[in-house]
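**Q** Below you'll find the structure I mean.
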Amino acid sequence: MANVYDIIIRPIITERSMADVASKKYVFEVAKDAGKVEIKNAVETAFGVKVKDVNTLNVRGKAKRMGAGRPGTTRSWKKAYVQLTDDSKTIELFEGMV
C-alpha cells in the first residue's frame with residue numbers, strides 16, 4: 001500500500017474550491033492511479049476526519065507552445081472532491097484561506 005502522502009499530492013486552493021469549504025467539501029490533487037477508497041482512507045488518516053463521499057476527475061493536459069512554436073502539452077493529473085460528514089471536524093489546512 002502506498003504512503004498517505006503519495007496518494008494526496010497537494011490541496012487545490014482556488015476561489016472556486018474555497019467557496020465549498022463552508023459545506024465541508026475540499027479539493028485535492030491525488031495520484032493518477034489512486035481509487036476512491038484509497039483517497040478516502042488517505043484523507044481520513046492524514047487529517048483525522050470522517051469522509052462521506054469522494055468524487056474524482058481526470059484533468060487532461062492542455063496544448064501549449066514550448067519555445068519557438070514547438071508543440072507540447074502540460075501534464076495530466078487527477079483531482080478529488082472530498083465531502084466530509086456533518087459531524088466531522090474541519091481540515092485546519094483550509095481554515096485561514098476563506
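Following the order of the C-alpha cells, first chain is A, next is B, and so on, with residues numbered from 1 inside each chain and ligands from 1 in the order they appear.
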Which polymer residues have any atom within 9 Å of an atom of Thr74 in chain A, counting only C-alpha atoms, with same-chain residues fewer than 2 positions away left out, as a PyMOL selection string?
**A** chain A and resi 60-64+72+76
**Q** What lies within 7 Å of Val51 in chain A using only C-alpha atoms, ignoring chain neighbours under 6 positions off, as an MDAnalysis selection string?
**A** chainID A and resid 40 44 82:85
**Q** In range 13-86 of chain A, what's helix (DSSP H, G or I) per DSSP? Answer as an MDAnalysis selection string?
**A** chainID A and resid 15:18 21:23 36:47
**Q** Could those selected residues go to a file with N, CA and C atoms, as a PDB file, in the first residue's frame?
**A**
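In the end it all went to selection31.pdb:
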```pdb
ATOM      1  N   GLU A  15     -10.443  30.132  -5.868  1.00  0.00           N
ATOM      2  CA  GLU A  15     -11.680  30.757  -5.411  1.00  0.00           C
ATOM      3  C   GLU A  15     -12.852  29.779  -5.473  1.00  0.00           C
ATOM      4  N   ARG A  16     -12.903  28.995  -6.521  1.00  0.00           N
ATOM      5  CA  ARG A  16     -13.995  28.043  -6.685  1.00  0.00           C
ATOM      6  C   ARG A  16     -13.959  26.951  -5.613  1.00  0.00           C
ATOM      7  N   SER A  17     -12.768  26.448  -5.312  1.00  0.00           N
ATOM      8  CA  SER A  17     -12.678  25.387  -4.302  1.00  0.00           C
ATOM      9  C   SER A  17     -12.911  25.937  -2.895  1.00  0.00           C
ATOM     10  N   MET A  18     -12.525  27.174  -2.641  1.00  0.00           N
ATOM     11  CA  MET A  18     -12.724  27.765  -1.319  1.00  0.00           C
ATOM     12  C   MET A  18     -14.191  28.105  -1.052  1.00  0.00           C
ATOM     13  N   VAL A  21     -15.775  25.248   1.044  1.00  0.00           N
ATOM     14  CA  VAL A  21     -15.188  24.869   2.331  1.00  0.00           C
ATOM     15  C   VAL A  21     -16.208  24.984   3.455  1.00  0.00           C
ATOM     16  N   ALA A  22     -17.129  25.946   3.367  1.00  0.00           N
ATOM     17  CA  ALA A  22     -18.152  26.104   4.403  1.00  0.00           C
ATOM     18  C   ALA A  22     -19.055  24.872   4.490  1.00  0.00           C
ATOM     19  N   SER A  23     -19.259  24.188   3.383  1.00  0.00           N
ATOM     20  CA  SER A  23     -20.079  22.978   3.383  1.00  0.00           C
ATOM     21  C   SER A  23     -19.230  21.706   3.526  1.00  0.00           C
ATOM     22  N   LYS A  36     -11.052   5.682  -5.355  1.00  0.00           N
ATOM     23  CA  LYS A  36     -11.846   6.455  -4.396  1.00  0.00           C
ATOM     24  C   LYS A  36     -11.680   5.946  -2.967  1.00  0.00           C
ATOM     25  N   VAL A  37     -11.609   4.643  -2.796  1.00  0.00           N
ATOM     26  CA  VAL A  37     -11.455   4.069  -1.460  1.00  0.00           C
ATOM     27  C   VAL A  37     -10.085   4.431  -0.886  1.00  0.00           C
ATOM     28  N   GLU A  38      -9.044   4.377  -1.709  1.00  0.00           N
ATOM     29  CA  GLU A  38      -7.708   4.753  -1.249  1.00  0.00           C
ATOM     30  C   GLU A  38      -7.651   6.236  -0.875  1.00  0.00           C
ATOM     31  N   ILE A  39      -8.298   7.084  -1.663  1.00  0.00           N
ATOM     32  CA  ILE A  39      -8.324   8.518  -1.377  1.00  0.00           C
ATOM     33  C   ILE A  39      -9.063   8.772  -0.069  1.00  0.00           C
ATOM     34  N   LYS A  40     -10.185   8.094   0.126  1.00  0.00           N
ATOM     35  CA  LYS A  40     -10.955   8.249   1.358  1.00  0.00           C
ATOM     36  C   LYS A  40     -10.118   7.860   2.569  1.00  0.00           C
ATOM     37  N   ASN A  41      -9.456   6.711   2.519  1.00  0.00           N
ATOM     38  CA  ASN A  41      -8.633   6.258   3.637  1.00  0.00           C
ATOM     39  C   ASN A  41      -7.452   7.194   3.883  1.00  0.00           C
ATOM     40  N   ALA A  42      -6.858   7.730   2.819  1.00  0.00           N
ATOM     41  CA  ALA A  42      -5.718   8.629   2.962  1.00  0.00           C
ATOM     42  C   ALA A  42      -6.123   9.936   3.635  1.00  0.00           C
ATOM     43  N   VAL A  43      -7.265  10.513   3.249  1.00  0.00           N
ATOM     44  CA  VAL A  43      -7.731  11.766   3.848  1.00  0.00           C
ATOM     45  C   VAL A  43      -8.105  11.546   5.306  1.00  0.00           C
ATOM     46  N   GLU A  44      -8.778  10.447   5.607  1.00  0.00           N
ATOM     47  CA  GLU A  44      -9.152  10.154   6.994  1.00  0.00           C
ATOM     48  C   GLU A  44      -7.917   9.959   7.867  1.00  0.00           C
ATOM     49  N   THR A  45      -6.896   9.309   7.340  1.00  0.00           N
ATOM     50  CA  THR A  45      -5.677   9.073   8.108  1.00  0.00           C
ATOM     51  C   THR A  45      -4.863  10.352   8.279  1.00  0.00           C
ATOM     52  N   ALA A  46      -4.710  11.114   7.218  1.00  0.00           N
ATOM     53  CA  ALA A  46      -3.844  12.298   7.256  1.00  0.00           C
ATOM     54  C   ALA A  46      -4.422  13.425   8.100  1.00  0.00           C
ATOM     55  N   PHE A  47      -5.739  13.628   8.046  1.00  0.00           N
ATOM     56  CA  PHE A  47      -6.342  14.784   8.706  1.00  0.00           C
ATOM     57  C   PHE A  47      -7.230  14.427   9.894  1.00  0.00           C
TER      58      PHE A  47
END
```
**Q** Could you pull out the residues in chain A that DSSP calls strand (DSSP E) from the backbone, as a PyMOL selection string?
**A** chain A and resi 8-11+25-30+51-59+63-65+71-73+77-84
**Q** Taking into account only C-alpha atoms, which residue in the set A:Arg75, A:Asp33, A:Ala68, A:Tyr26 is nearest to Asn55 in chain A?
**A**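 Using only C-alpha atoms, the shortest distance to Asn55 in chain A belongs to A:Tyr26.
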**Q** Out of A:Val59, A:Ile91, A:Ile12, A:Ile7, which residue has the shortest atom-to-atom distance to Lys78 in chain A when counting only C-alpha atoms?
**A**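 Closest to Lys78 in chain A of all the choices is A:Val59.
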**Q** Return the single residue from A:Ile8, A:Pro71, A:Thr14, A:Asp53 that is closest to Phe28 in chain A, with distances computed using only C-alpha atoms.
**A**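 The answer is A:Ile8, which sits nearest to Phe28 in chain A.
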**Q** At what distance in Å, to one decimal, does CA of Asp6 in chain A lie from CA of Asp20 in chain A?
**A**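 Going from CA of Asp20 in chain A over to CA of Asp6 in chain A covers 24.7 Å.
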